[in-house]
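Visitor: Can you keep this structure in mind? I'll have questions shortly.
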Amino acid sequence: MAFDIDMIKGVYANMAERVDKAREIVGKPLTLSEKILYSHLWDGNPTKAFSRGKDYVDFAPDRIACQDATAQMALLQFMQAGKPKVAVPTTVHCDHLIQAKNGAAADLKMANTSSAEVFNFLESVSNKYGIGFWKPGAGIIHQVVLENYAFPGGMMIGTDSHTVNAGGLGMVAIGVGGADAVDVMAGMAWELKFPKLIGVRLTGEISGWTAPKDVILKVAEILTVKGGTGAIVEYFGPGAKALSCTGKGTICNMGAEIGATTSTFGYDEAMERYLRATDRSDVADAANEVKDCLTADAEVYANPEQYFDQVIDIDLSKLNPLLNGPFTPDLSTAVGDEMTEKATKNEWPLQVEWGLIGSCTNSSYEDLSRASSIAQQALDKGIKMKAELGINPGSEQVRYTADRDGILGIFEKLDAKIFTNACGPCIGQWARYGDPKNAPKNSIVHSFNRNFAKRADGNPNTHAFVASPEITAAIAISGRLDFNPMTDTLINEQGQEVKFDEPTGWELPPKGFEVEDAGFLAPEEDGSGVEVVVDKDSERLQLLEPFVPIKNEQLQGVKLLIKAFGKCTTDHISMAGPWLRFRGHLDNIANNTLIGAVNAFNKKTNLVKNQLTGEYGGVPDTQRAYKAEGIKSIVVGDHNYGEGSSREHAAMQPRHLGVAAVLVKSFARIHETNLKKQGMLGLTFANESDYDLIQEDDTFNFLDISDFAPDKPLTIEVVHADGSKDTILANHTYNAAQIGWFREGSALNVIKRENAV
C-alpha cells in the first residue's frame, strides 16, 4: 500500500471539479500541466486565468522531499518557524554524504562514522517534526520518491533540482531552495510564476541501442541549458506512451539541465504497471477513476501548436545514441564517426578511463538490466574491460532485487565496483584522486545528468560525457570514446574480432521487486518530547541567526566583489565534493563562496582585488574584509547565472558574507528565487552590453532603492576608479510580497513574524 494514500485520494476527489472549472475559465482545452497547476491552487477552485510567464501564483503542493545535503539548511530554517509539525507529508533522504571509494559496505560504514553527527541531527529533527526519514544507504532521493511517493496528477516540491524526476509518474515536481520548502512545511502557500509550456511530441519507437536517455540528450541539444527556463516541458504522442515509467523519469530528470521548471508525461499503462509493481495498486486504482484529468485534453495533443508556447518534434525511430559533453550537458554528439571527428578536432582524450552507471537519472532496475546485458556479452565473448566501471544502484529495493536476479554479479565478474545506493560521483562524492587539482587530462563516460568541470572527481581536466547506461557500459568495455557499438568490433582475449549485439533488459523485474530493509524510519506520532541537539562547537552544524535587513543607506558605496566571466553555475558559487560536509554550517561553508567563478579581469579563479588594500586574494577572504568594515558588495555575472542545482547555499553564503546584490545578464530560475528568499537583490542588466562597462575597482550606488517597486527598474550609478561614472538600469522580477522579503531581511523573517501573531 502507498504512503499517504488518503492525501492522494483527497487530491483526486477535488481534481475533476477543479479541472472543469479551469477549462471553463481559460476557455479552451487544457494541457496536463495546466490541469495539475489549476487543481493545486492555494485558494482552491480556479477563479481566473493566469498569464504564462507573467503572473505569480500561490500553489498548495501535496508533499516535500529533501536530500541530506540541502535538508540540513532547510530544517535549520524550519526550526525557526515556530511550528510543532510539518503541514504536508515530508521526507528526508540521506544520499549525498556518502563518498564513493572502496565499495558499498566500506563506503557506507565510513559515511556513518564521518557524518554521524549530521545523520543523527536529520533523524532527530525528522522524528520531532513528523518527517519520514530514509537512512544512509536506503537510496537516491529521486529513485526512492519514484518508487514510493510520486503519483499521477500530484504536485510536489523538493530541495534538489532533480526533484523533476517524479514527472516520470505524471507529477508536476519542482526543485526549489530550502526556504521555499520551509514555506510549505510551515503551512503557507508556495509561490511560482505561472510557467510557459513547451510540448515535445514523440513519434516512432525506441529500439536497438537508443534509450530514453537519448531523448533528453537530444532535447538538451535543441533547447540548450537555458532554453527551458520558466517553462514546463510536457511530453506526449505515441512514442511517449511506448516508454517505460523509469524511462520517462530519466527524461524528466535531466530536464533540469535545460533550465525547465519541470517536465511531465500523461498517465498511461506504463505508469500503471510501475505503480502496481511497486506495491501501489491502490494509487493505480484511484488514478484510473480520474484518468481523464491525468493527461491533456485530446484536442491539445491533436493540435499542440495551438496550446503550447513551443512544440518540438522527435521521431524516436530516427534517434541515434548520443554523447553529450564535455563540460556542459547540451553539447551533443552522435556516437561513432561524429564523435571521432569532433574529439580529434578538439583534442578530447579518446581513451576512456572510467564508465559510471547510476545517479538519480539512470539507476533503475531497467537501466541496470540493460547495461548488464552488455556486460554479460563481454564475459561471453571474452572481451577484457579496458576502462574501470562503477555502479550506483538507485535504491536498496533496486539493489536487492538486482542482486537476487544476478545482475550485480555480472558487473562484479568484470571487476566493477558496486558503490552504495547513493549519489556518489554524480555530485562530486568520488575519492578518485588524492590531488584532483593536479590530476591529468582524461575522459570518462557516465549516465549522470551533469558534467561541469570538476563535477565528478574535482579534476578540472576530466572530460565527462553523458550517455545512456548501455552506451556507457559498451564504451567502458572498449575503453574508447570513439567506439561505436552498433558498427565497430573489438578484439577478444583469443584474438578474434567480436561485435556487441543490441542491448536487452526488463522494464520491471520478472520476479517482482523484493527488499529486506528498505531503510525507512517513520517519525513519532507526537515529537514534542524529542530533543534536537546541536553542539555550539560543531564544525558541521550551526544554528541559524536571522538575516538583518539590508538598509537603503547600505546600498551606497557598494564594492564589486567579482565580475564572473562565462558560465557560473551553483557548482562555481558553492562547490559540492568535500564541501558537502559543511552544508549545515553556514559560516564554514561560506569559505567556498564563488571560489570556482572565473574573474573576468584576470581569468583566474578565487583571485579578486581587494579595493581596500589593492591586493589580490581569495573571494571569501576579500568579502570577509569588506564585511569587517561594514561594506556591502555586489556580484556581476553573465547569462544563466546560477545554472544547476537548487543549492540555496549559493544564495545564503554570499548573503551571510555581506553581498547585497547580484547583477547578471540572466538567471537560472531556482537561483533567482533563492536570492529573493534570502533578502538579496537579484537583478538583470536592462542593456546586456552594460556588463562590459563594469571595471575592477568599481563602486555602485543604488540611486532609487527607496522607490523599489514591482515592474520598475532600479537605477545604479557605477563609479570608476578615475572618478568617471556610468548610469545603468537594472531590471527585476520582484512582486510586492518579494520586496517585503527584501525589506524584512528574508522570507523566513516574514514567516516568523506571521507565525508569532
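Residues in the C-alpha cells are numbered from 1 in each chain, the chains being A, B, ... in the order shown, and ligands are numbered from 1 in the order shown.
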I want to know what sits within 6 Å of Val352 of chain A, based on only C-alpha atoms, with residues of the same chain fewer than 3 positions away left out; could you give that as an mmCIF file with all heavy atoms, in the first residue's frame?
Guide:
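File produced: result_20.cif:
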```cif
data_model
loop_
_atom_site.group_PDB
_atom_site.id
_atom_site.type_symbol
_atom_site.label_atom_id
_atom_site.label_comp_id
_atom_site.auth_asym_id
_atom_site.auth_seq_id
_atom_site.Cartn_x
_atom_site.Cartn_y
_atom_site.Cartn_z
ATOM 1 N N SER A 443 39.318 11.295 -20.098
ATOM 2 C CA SER A 443 37.895 11.227 -20.422
ATOM 3 C C SER A 443 37.213 10.143 -19.604
ATOM 4 O O SER A 443 37.793 9.086 -19.339
ATOM 5 C CB SER A 443 37.685 10.926 -21.913
ATOM 6 O OG SER A 443 37.992 12.051 -22.716
ATOM 7 N N ILE A 444 35.972 10.427 -19.204
ATOM 8 C CA ILE A 444 35.119 9.437 -18.577
ATOM 9 C C ILE A 444 33.746 9.522 -19.247
ATOM 10 O O ILE A 444 33.396 10.550 -19.834
ATOM 11 C CB ILE A 444 34.979 9.634 -17.052
ATOM 12 C CG1 ILE A 444 34.254 10.956 -16.725
ATOM 13 C CG2 ILE A 444 36.340 9.576 -16.367
ATOM 14 C CD1 ILE A 444 33.945 11.133 -15.238
ATOM 15 N N GLY A 479 36.930 1.026 -23.890
ATOM 16 C CA GLY A 479 37.958 1.970 -23.463
ATOM 17 C C GLY A 479 38.183 3.107 -24.433
ATOM 18 O O GLY A 479 39.152 3.859 -24.299
ATOM 19 N N ARG A 480 37.263 3.272 -25.392
ATOM 20 C CA ARG A 480 37.454 4.280 -26.431
ATOM 21 C C ARG A 480 36.227 5.171 -26.553
ATOM 22 O O ARG A 480 35.092 4.705 -26.690
ATOM 23 C CB ARG A 480 37.690 3.600 -27.790
ATOM 24 C CG ARG A 480 38.961 2.794 -27.873
ATOM 25 C CD ARG A 480 40.176 3.651 -28.007
ATOM 26 N NE ARG A 480 40.147 4.473 -29.225
ATOM 27 C CZ ARG A 480 41.124 5.307 -29.568
ATOM 28 N NH1 ARG A 480 42.186 5.473 -28.782
ATOM 29 N NH2 ARG A 480 41.035 6.010 -30.683
ATOM 30 N N LEU A 481 36.462 6.489 -26.542
ATOM 31 C CA LEU A 481 35.390 7.454 -26.704
ATOM 32 C C LEU A 481 34.790 7.386 -28.101
ATOM 33 O O LEU A 481 33.609 7.682 -28.298
ATOM 34 C CB LEU A 481 35.932 8.868 -26.429
ATOM 35 C CG LEU A 481 34.939 10.018 -26.395
ATOM 36 C CD1 LEU A 481 33.946 9.840 -25.247
ATOM 37 C CD2 LEU A 481 35.672 11.356 -26.240
#
```
Visitor: Give me, as a ChimeraX atom specification, the residues of segment 655-696 of chain A that a backbone DSSP run labels strand (DSSP E).
Guide: /A:659-664,681-685
Visitor: Pick out the closest residue to Gly247 of chain A from this set: A:Asn442, A:Ser468, A:Ser115, A:Thr401. Count only C-alpha atoms.
Guide: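 The shortest atom-to-atom distance to Gly247 of chain A comes from A:Ser468.
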Visitor: If we count only C-alpha atoms, what is near Thr328 of chain A at a cut-off of 10 Å, once residues fewer than 5 positions away on the same chain are taken out, given as a list of chain:residue names?
Guide: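 In the requested format, the answer is A:Thr224, A:Val225, A:Glu257, A:Asn449, A:Arg450, A:Asn451, A:Phe452, A:Ala453, A:His463, A:Ala464, A:Phe465, A:Val466, A:Lys567.
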Visitor: To one decimal place in Å, what is the distance between atom CA of Pro46 of chain A and atom CA of Gly259 of chain A?
Guide: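 The value is 27.5 Å.
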Visitor: Got a sec to tell me which of segment 378-613 of chain A DSSP assigns to helix (DSSP H, G or I), as a PyMOL selection string?
Guide: chain A and resi 378-380+396-404+407-413+424-427+436-438+469-478+552-555+570-573+577-582+586-592
Visitor: With distances taken over only C-alpha atoms, which of A:His142, A:Arg581, A:Lys241, A:Arg540 is nearest to Asn362 of chain A?
Guide: A:His142
Visitor: Kindly indicate which residue among A:Val532, A:Ala240, A:Ile716, A:Ala343 lies nearest to Asp698 of chain A, using only C-alpha atoms for the distances.
Guide: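 Checking each candidate against Asp698 of chain A, we get A:Ile716 as the closest.
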Visitor: Write out as a PyMOL selection string the residues lying within 7 Å of Ile206 of chain A, counting only C-alpha atoms and excluding same-chain residues fewer than 5 positions away.
Guide: chain A and resi 211+316-317
